[in-house]
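So this block is target_7.txt, compact mmCIF, C-alpha atoms:
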```
# COMPACT_ATOMS: atom_id res chain seq x y z
CA MET A 1 167.07 -6.54 57.90
CA ARG A 2 164.72 -9.49 57.85
CA ALA A 3 163.11 -8.32 61.06
CA SER A 4 162.47 -4.86 59.68
CA LEU A 5 161.01 -6.37 56.51
CA ALA A 6 158.68 -8.49 58.59
CA LEU A 7 157.67 -5.47 60.61
CA TRP A 8 157.03 -3.53 57.44
CA LEU A 9 154.86 -6.33 56.10
CA VAL A 10 152.88 -6.50 59.30
CA LEU A 11 152.32 -2.75 59.25
CA CYS A 12 151.22 -2.82 55.64
CA LEU A 13 148.85 -5.71 56.07
CA ALA A 14 147.47 -4.68 59.44
CA PRO A 15 144.65 -2.58 57.97
CA LEU A 16 143.52 -5.58 55.93
CA ALA A 17 143.20 -7.85 58.94
CA PRO A 18 139.65 -7.95 60.21
CA ARG A 19 139.14 -6.25 63.52
CA ALA A 20 138.31 -8.50 66.40
CA ALA A 21 134.72 -9.19 65.47
CA GLU A 22 132.62 -8.76 68.56
CA ASP A 23 129.42 -9.30 66.68
CA PRO A 24 129.63 -10.87 63.24
CA ALA A 25 125.89 -10.51 62.65
CA LEU A 26 126.09 -6.75 63.26
CA ASP A 27 129.17 -6.49 61.03
CA LYS A 28 127.22 -8.19 58.29
CA ARG A 29 124.28 -5.83 58.59
CA VAL A 30 126.59 -2.79 58.59
CA ALA A 31 128.38 -4.10 55.49
CA GLY A 32 125.06 -4.83 53.79
CA LEU A 33 123.88 -1.27 54.29
CA ALA A 34 127.26 0.24 53.43
CA HIS A 35 127.09 -1.51 50.05
CA GLU A 36 123.69 0.04 49.33
CA LEU A 37 124.70 3.63 50.10
CA ARG A 38 126.78 6.05 48.08
CA CYS A 39 129.77 7.91 49.44
CA LEU A 40 129.12 11.53 48.52
CA VAL A 41 132.78 12.50 48.63
CA CYS A 42 133.88 10.04 45.96
CA GLN A 43 130.61 9.68 44.20
CA ASN A 44 131.11 6.44 42.33
CA GLN A 45 132.00 4.42 45.39
CA THR A 46 129.77 2.90 48.01
CA LEU A 47 130.24 3.69 51.67
CA ALA A 48 131.73 0.22 51.99
CA ASP A 49 134.37 0.81 49.30
CA SER A 50 135.39 4.31 50.25
CA ASN A 51 137.97 5.30 52.79
CA ALA A 52 137.09 8.99 52.75
CA PRO A 53 136.79 10.31 56.32
CA LEU A 54 133.08 10.98 55.80
CA ALA A 55 132.51 7.40 54.65
CA VAL A 56 134.23 6.13 57.80
CA ASP A 57 132.05 8.42 59.94
CA LEU A 58 128.90 7.28 58.18
CA ARG A 59 129.83 3.61 58.55
CA ASN A 60 130.28 4.23 62.27
CA GLN A 61 126.96 6.02 62.28
CA ILE A 62 125.28 2.99 60.67
CA ARG A 63 126.89 0.67 63.20
CA GLU A 64 125.84 2.85 66.13
CA GLN A 65 122.27 3.07 64.95
CA LEU A 66 121.93 -0.64 64.25
CA LYS A 67 123.44 -1.35 67.65
CA GLY A 68 120.89 1.01 69.15
CA GLY A 69 118.13 -1.13 67.70
CA ALA A 70 117.33 0.74 64.49
CA SER A 71 116.09 -1.25 61.51
CA GLU A 72 117.73 -1.19 58.07
CA ARG A 73 114.82 0.90 56.82
CA GLU A 74 115.33 3.48 59.58
CA VAL A 75 119.04 3.83 58.82
CA ILE A 76 118.33 4.33 55.12
CA ASP A 77 115.66 6.93 55.95
CA PHE A 78 118.20 8.70 58.18
CA MET A 79 120.67 8.94 55.29
CA VAL A 80 118.06 9.99 52.71
CA ALA A 81 116.75 12.73 55.05
CA ARG A 82 120.24 14.25 55.12
CA TYR A 83 121.76 13.55 51.74
CA GLY A 84 118.74 12.95 49.48
CA ASP A 85 117.89 10.05 47.17
CA PHE A 86 121.34 10.38 45.64
CA VAL A 87 122.84 8.31 48.49
CA LEU A 88 120.84 5.32 47.34
CA TYR A 89 122.51 3.12 44.77
CA ARG A 90 119.05 1.78 43.94
CA PRO A 91 116.91 4.81 43.18
CA PRO A 92 113.34 4.59 44.53
CA PHE A 93 110.45 4.11 42.13
CA LYS A 94 108.46 7.34 42.16
CA ALA A 95 107.09 10.03 39.86
CA SER A 96 110.44 11.78 39.32
CA THR A 97 112.26 8.52 38.51
CA LEU A 98 109.59 7.06 36.22
CA ALA A 99 111.59 7.77 33.06
CA LEU A 100 114.67 6.22 34.67
CA TRP A 101 112.95 2.96 35.51
CA LEU A 102 110.59 2.63 32.56
CA GLY A 103 112.62 4.40 29.84
CA PRO A 104 114.75 1.38 28.93
CA PHE A 105 111.68 -0.84 28.58
CA LEU A 106 109.95 1.77 26.42
CA LEU A 107 113.02 1.97 24.18
CA LEU A 108 113.15 -1.82 24.01
CA ALA A 109 109.48 -2.00 22.99
CA LEU A 110 110.00 0.71 20.39
CA GLY A 111 113.00 -1.13 18.95
CA ALA A 112 111.10 -4.41 18.85
CA LEU A 113 108.19 -2.71 17.10
CA LEU A 114 110.45 -1.22 14.42
CA LEU A 115 112.19 -4.56 13.92
CA VAL A 116 108.96 -6.48 13.55
CA ARG A 117 107.61 -3.94 11.08
CA ARG A 118 110.72 -4.14 9.01
CA LEU A 119 110.79 -7.95 9.00
CA LEU A 120 107.13 -8.16 8.03
CA ARG A 121 107.62 -5.77 5.17
CA ARG A 122 110.57 -7.74 3.88
CA ARG A 123 108.62 -10.99 3.91
CA ALA A 124 105.73 -9.58 1.88
CA PRO A 125 105.49 -11.76 -1.29
CA GLU A 126 106.59 -10.28 -4.57
CA PRO A 127 103.64 -9.37 -6.80
CA PRO A 128 103.22 -11.99 -9.54
CA LEU A 129 104.55 -11.09 -12.97
CA SER A 130 102.18 -10.25 -15.73
CA GLU A 131 102.27 -12.16 -19.01
CA ALA A 132 104.13 -9.35 -20.76
CA GLU A 133 106.75 -9.12 -17.99
CA ARG A 134 107.26 -12.88 -18.07
CA ALA A 135 107.93 -12.75 -21.80
CA ARG A 136 110.36 -9.90 -21.35
CA ALA A 137 112.22 -11.71 -18.58
CA ALA A 138 112.50 -14.83 -20.69
CA LYS A 139 113.93 -12.76 -23.52
CA LEU A 140 116.51 -11.17 -21.23
CA LEU A 141 117.57 -14.57 -19.92
CA GLU A 142 118.20 -16.03 -23.32
CA MET B 1 116.50 12.22 2.02
CA ASN B 2 113.78 11.03 4.38
CA ARG B 3 115.75 8.02 5.53
CA TYR B 4 118.41 10.32 7.01
CA LEU B 5 115.85 12.35 8.92
CA LEU B 6 115.21 9.80 11.66
CA PRO B 7 118.87 9.18 12.67
CA LEU B 8 119.50 12.90 12.44
CA GLY B 9 116.56 13.55 14.76
CA VAL B 10 117.78 10.93 17.25
CA PHE B 11 121.24 12.50 17.11
CA ALA B 12 119.82 15.96 17.77
CA VAL B 13 117.92 14.69 20.82
CA LEU B 14 121.09 13.02 22.14
CA VAL B 15 123.09 16.20 21.65
CA GLY B 16 120.38 18.06 23.57
CA PHE B 17 120.58 15.58 26.48
CA PHE B 18 124.37 15.75 26.57
CA PHE B 19 124.39 19.53 26.36
CA VAL B 20 122.19 19.81 29.43
CA GLY B 21 123.65 16.81 31.27
CA LEU B 22 127.30 17.69 30.85
CA ASN B 23 126.65 21.25 32.02
CA LEU B 24 125.33 19.99 35.35
CA ASN B 25 127.79 19.77 38.20
CA PRO B 26 127.65 16.28 39.72
CA ARG B 27 129.10 17.67 42.94
CA GLU B 28 126.02 19.77 43.52
CA VAL B 29 123.55 17.33 44.93
CA PRO B 30 120.25 19.03 45.76
CA SER B 31 119.80 19.00 49.51
CA PRO B 32 116.60 17.48 50.88
CA LEU B 33 116.90 19.95 53.78
CA ILE B 34 115.82 23.03 51.81
CA GLY B 35 112.64 24.40 53.38
CA LYS B 36 113.04 22.17 56.44
CA PRO B 37 113.96 23.32 59.94
CA ALA B 38 117.69 23.58 60.53
CA PRO B 39 118.70 20.47 62.51
CA ALA B 40 118.96 21.20 66.22
CA PHE B 41 122.35 21.24 67.91
CA GLU B 42 124.13 22.53 70.94
CA LEU B 43 127.88 22.74 70.48
CA PRO B 44 130.77 24.30 72.39
CA LEU B 45 132.26 27.48 70.98
CA LEU B 46 135.64 27.24 69.30
CA HIS B 47 137.05 30.11 71.32
CA ALA B 48 135.37 29.31 74.60
CA PRO B 49 134.84 25.58 75.16
CA GLU B 50 132.87 26.24 78.34
CA LYS B 51 130.17 28.13 76.42
CA THR B 52 127.73 26.54 74.01
CA PHE B 53 125.59 27.74 71.15
CA SER B 54 122.35 26.34 69.81
CA GLN B 55 120.72 27.18 66.49
CA LYS B 56 117.62 28.19 68.52
CA GLU B 57 119.37 31.35 69.67
CA MET B 58 119.21 32.72 66.13
CA LEU B 59 115.43 32.42 65.78
CA GLY B 60 113.97 35.74 64.69
CA LYS B 61 116.67 36.78 62.26
CA PRO B 62 118.11 35.38 59.04
CA TRP B 63 121.67 34.14 59.38
CA VAL B 64 124.41 32.27 57.58
CA LEU B 65 126.08 29.07 58.74
CA ASN B 66 129.45 28.48 57.11
CA VAL B 67 131.11 25.08 57.49
CA TRP B 68 134.89 25.38 57.46
CA ALA B 69 138.08 23.68 58.61
CA SER B 70 141.71 24.67 58.83
CA TRP B 71 142.70 21.55 56.82
CA CYS B 72 140.49 22.56 53.90
CA PRO B 73 142.27 24.57 51.18
CA PRO B 74 139.06 25.72 49.41
CA CYS B 75 137.99 27.25 52.73
CA LEU B 76 140.99 29.51 52.48
CA VAL B 77 140.01 30.35 48.90
CA GLU B 78 136.53 31.49 49.92
CA HIS B 79 137.75 33.20 53.08
CA PRO B 80 137.89 36.73 51.61
CA VAL B 81 134.33 36.30 50.32
CA VAL B 82 133.06 35.16 53.71
CA THR B 83 134.93 38.06 55.30
CA ALA B 84 133.36 40.57 52.90
CA LEU B 85 129.90 39.09 53.46
CA ALA B 86 130.26 39.31 57.23
CA LYS B 87 131.62 42.86 57.01
CA SER B 88 128.71 43.98 54.84
CA GLY B 89 126.51 43.30 57.86
CA VAL B 90 123.67 41.88 55.78
CA ALA B 91 123.38 38.95 58.18
CA PRO B 92 125.33 37.38 61.03
CA VAL B 93 127.76 34.69 59.85
CA VAL B 94 128.37 31.79 62.22
CA GLY B 95 131.15 29.30 61.58
CA LEU B 96 130.85 25.56 62.03
CA ASN B 97 134.36 24.29 62.53
CA TYR B 98 134.28 20.78 61.04
CA LYS B 99 136.43 17.86 62.19
CA ASP B 100 139.23 20.15 63.18
CA ALA B 101 141.52 20.54 66.17
CA ARG B 102 141.41 23.68 68.28
CA GLU B 103 145.19 24.04 68.10
CA ASP B 104 144.94 24.17 64.29
CA ALA B 105 141.70 26.12 63.93
CA LEU B 106 142.52 29.00 66.26
CA PRO B 107 145.90 29.86 64.65
CA TRP B 108 144.21 29.57 61.23
CA LEU B 109 141.72 32.28 62.24
CA LYS B 110 144.48 34.39 63.70
CA ARG B 111 146.50 34.11 60.49
CA ASN B 112 143.66 34.70 58.04
CA GLY B 113 141.32 36.87 60.07
CA ASP B 114 138.15 35.79 61.84
CA PRO B 115 135.01 36.91 59.99
CA PHE B 116 132.63 34.90 62.16
CA GLN B 117 130.49 36.17 65.00
CA PHE B 118 131.80 33.00 66.57
CA SER B 119 132.47 29.45 65.46
CA VAL B 120 131.04 26.32 67.00
CA TYR B 121 133.30 23.33 67.36
CA ASP B 122 132.11 20.06 65.79
CA ALA B 123 135.19 17.90 66.29
CA ALA B 124 133.42 14.60 65.57
CA GLY B 125 131.51 15.96 62.59
CA ARG B 126 128.28 14.56 64.03
CA ILE B 127 126.26 17.76 63.63
CA ALA B 128 127.61 18.18 60.12
CA ILE B 129 126.08 14.77 59.27
CA ASP B 130 122.69 16.11 60.39
CA TYR B 131 123.19 19.03 58.02
CA GLY B 132 124.15 16.70 55.19
CA VAL B 133 127.65 18.18 54.87
CA TYR B 134 129.85 16.21 52.50
CA GLY B 135 132.27 18.69 50.99
CA VAL B 136 133.66 21.55 53.04
CA PRO B 137 133.22 24.45 52.64
CA GLU B 138 129.44 24.53 52.67
CA THR B 139 127.21 27.49 53.37
CA TYR B 140 123.63 27.48 54.67
CA VAL B 141 121.16 30.34 54.69
CA ILE B 142 118.65 30.01 57.53
CA ASP B 143 115.63 32.29 57.80
CA ARG B 144 114.07 33.91 60.86
CA ARG B 145 111.77 30.94 61.43
CA GLY B 146 114.78 28.62 61.51
CA LEU B 147 114.16 27.06 58.08
CA ILE B 148 117.05 26.29 55.75
CA ARG B 149 116.48 28.39 52.65
CA TYR B 150 119.63 27.73 50.69
CA LYS B 151 122.66 25.47 50.68
CA HIS B 152 125.81 26.14 48.76
CA ILE B 153 128.42 23.43 48.29
CA GLY B 154 132.02 24.39 47.69
CA PRO B 155 133.79 27.73 47.99
CA LEU B 156 131.74 30.91 47.67
CA THR B 157 132.78 33.12 44.77
CA PRO B 158 132.50 36.92 44.89
CA GLU B 159 130.01 36.74 41.99
CA PHE B 160 127.85 34.21 43.81
CA ALA B 161 127.89 36.27 47.01
CA ARG B 162 126.95 39.41 45.08
CA ASP B 163 124.30 37.96 42.75
CA LYS B 164 122.69 35.27 44.89
CA LEU B 165 123.57 35.27 48.56
CA THR B 166 123.32 38.97 49.40
CA PRO B 167 120.02 39.51 47.51
CA LEU B 168 118.54 36.43 49.19
CA LEU B 169 119.57 37.67 52.63
CA GLN B 170 118.23 41.16 51.90
CA GLU B 171 114.93 39.64 50.85
CA LEU B 172 114.78 37.50 53.99
CA ASN B 173 115.57 40.57 56.08
CA ARG B 174 112.65 42.43 54.50
CA ALA B 175 110.19 39.55 54.77
CA GLY B 176 108.13 39.62 57.95
```

Here is a file; write its structure as structure tokens.
Amino acid sequence: MRASLALWLVLCLAPLAPRAAEDPALDKRVAGLAHELRCLVCQNQTLADSNAPLAVDLRNQIREQLKGGASEREVIDFMVARYGDFVLYRPPFKASTLALWLGPFLLLALGALLLVRRLLRRRAPEPPLSEAERARAAKLLE
Amino acid sequence: MNRYLLPLGVFAVLVGFFFVGLNLNPREVPSPLIGKPAPAFELPLLHAPEKTFSQKEMLGKPWVLNVWASWCPPCLVEHPVVTALAKSGVAPVVGLNYKDAREDALPWLKRNGDPFQFSVYDAAGRIAIDYGVYGVPETYVIDRRGLIRYKHIGPLTPEFARDKLTPLLQELNRAG
């Protein structure tokens, strides 16, 4: 009983154990890239987080290419050429993404402008009372 | 009255954005390959491992590349549509058998009928990566110059085949 439990535990935890790392530096580069790229099967996960078969294939692809001497830039270009900008978790800054990158700042500026205008208007001093108004106010306060 | 106009306007714009945005299908990612040459490959045939096929052999005529697998239920759903398209003779339909095993794929074709001129066998899925495949089934239309003209993700529907695919292929057939 205890032996089978131990075996079960080992089997369950085996996938979590790191594989014999032949090259920790390479592993790190692969992981770095895998965190930057989207898994297109389960779209809100990175290639690093996903266990979809395609994500596994693409991680292997990254590893192979880095091993073959490709730079990070080249691997990213390889992915973008096949799957489009959508694979990038950080969209590039270009004409079609201008609104995406600058929109929030424009909205912020607009909000600040409205706020300042409103505050200024509120601070404007009250016009002084005329003699007649003063007399009327005094009467009301009696 | 006027003070309600601004929030109402903002609300209307938001509704407009949501109306368009929520009608988009997030699964349909535009392919960067449209208008580009179909990636080169040379793969063994599913039926005859000793023979190979390369996309070059199709230069000169428009054709359809359909990515399928026996483990993919939606492929079975679109199978009658692919069969009808192939039977109509509007263009040759070639299968790309994706990450499958011969002993599963061949019986699948026997059971459901084989609409393909032939299927190529991409067991590792390496060629599919070059084509940007991420959700089988996928269907590519390639013109006579070898350029990818259209990519469809997910199962083909009869309506889509009738209204989009067949007219496109007819047009490509006519074009010089």

**Q.** Distance filter 10 Å, only C-alpha atoms, chain B against chain A, as a PyMOL selection string
**A.** chain B and resi 26-27+29-33+39+99+124-126+128-135

I'd like the neighbourhood of Val94 in chain B as number ranges by chain, where a residue qualifies if any of its atoms comes within 12 Å (using all atoms listed in the file), though same-chain residues fewer than 6 positions away should be ignored.
B: 45-46, 53-55, 57-58, 62-68, 82-83, 85-86, 114-121, 139-142

Report as lines of an AutoDock Vina configuration file the centre and the edge lengths, in Å to one decimal, of the axis-aligned box holding every listed atom of range 148-164 of chain B, padded by 3 Å on each side.
```
center_x = 125.1
center_y = 31.4
center_z = 48.9
size_x = 23.3
size_y = 22.0
size_z = 19.8
```

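Note that CA of Ala48 in chain A and CA of His35 in chain A are 5.3 Å apart.
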
Counting only C-alpha atoms, closest pick from B:Ile148, B:Val13, B:Leu106, B:Leu172 relative to Pro37 in chain B is B:Ile148

Here CA of Ile76 in chain A and CA of Phe93 in chain A stand apart by 15.2 Å

Atom pair CA of Arg90 in chain A + CA of Asn44 in chain A, distance 13.0 Å
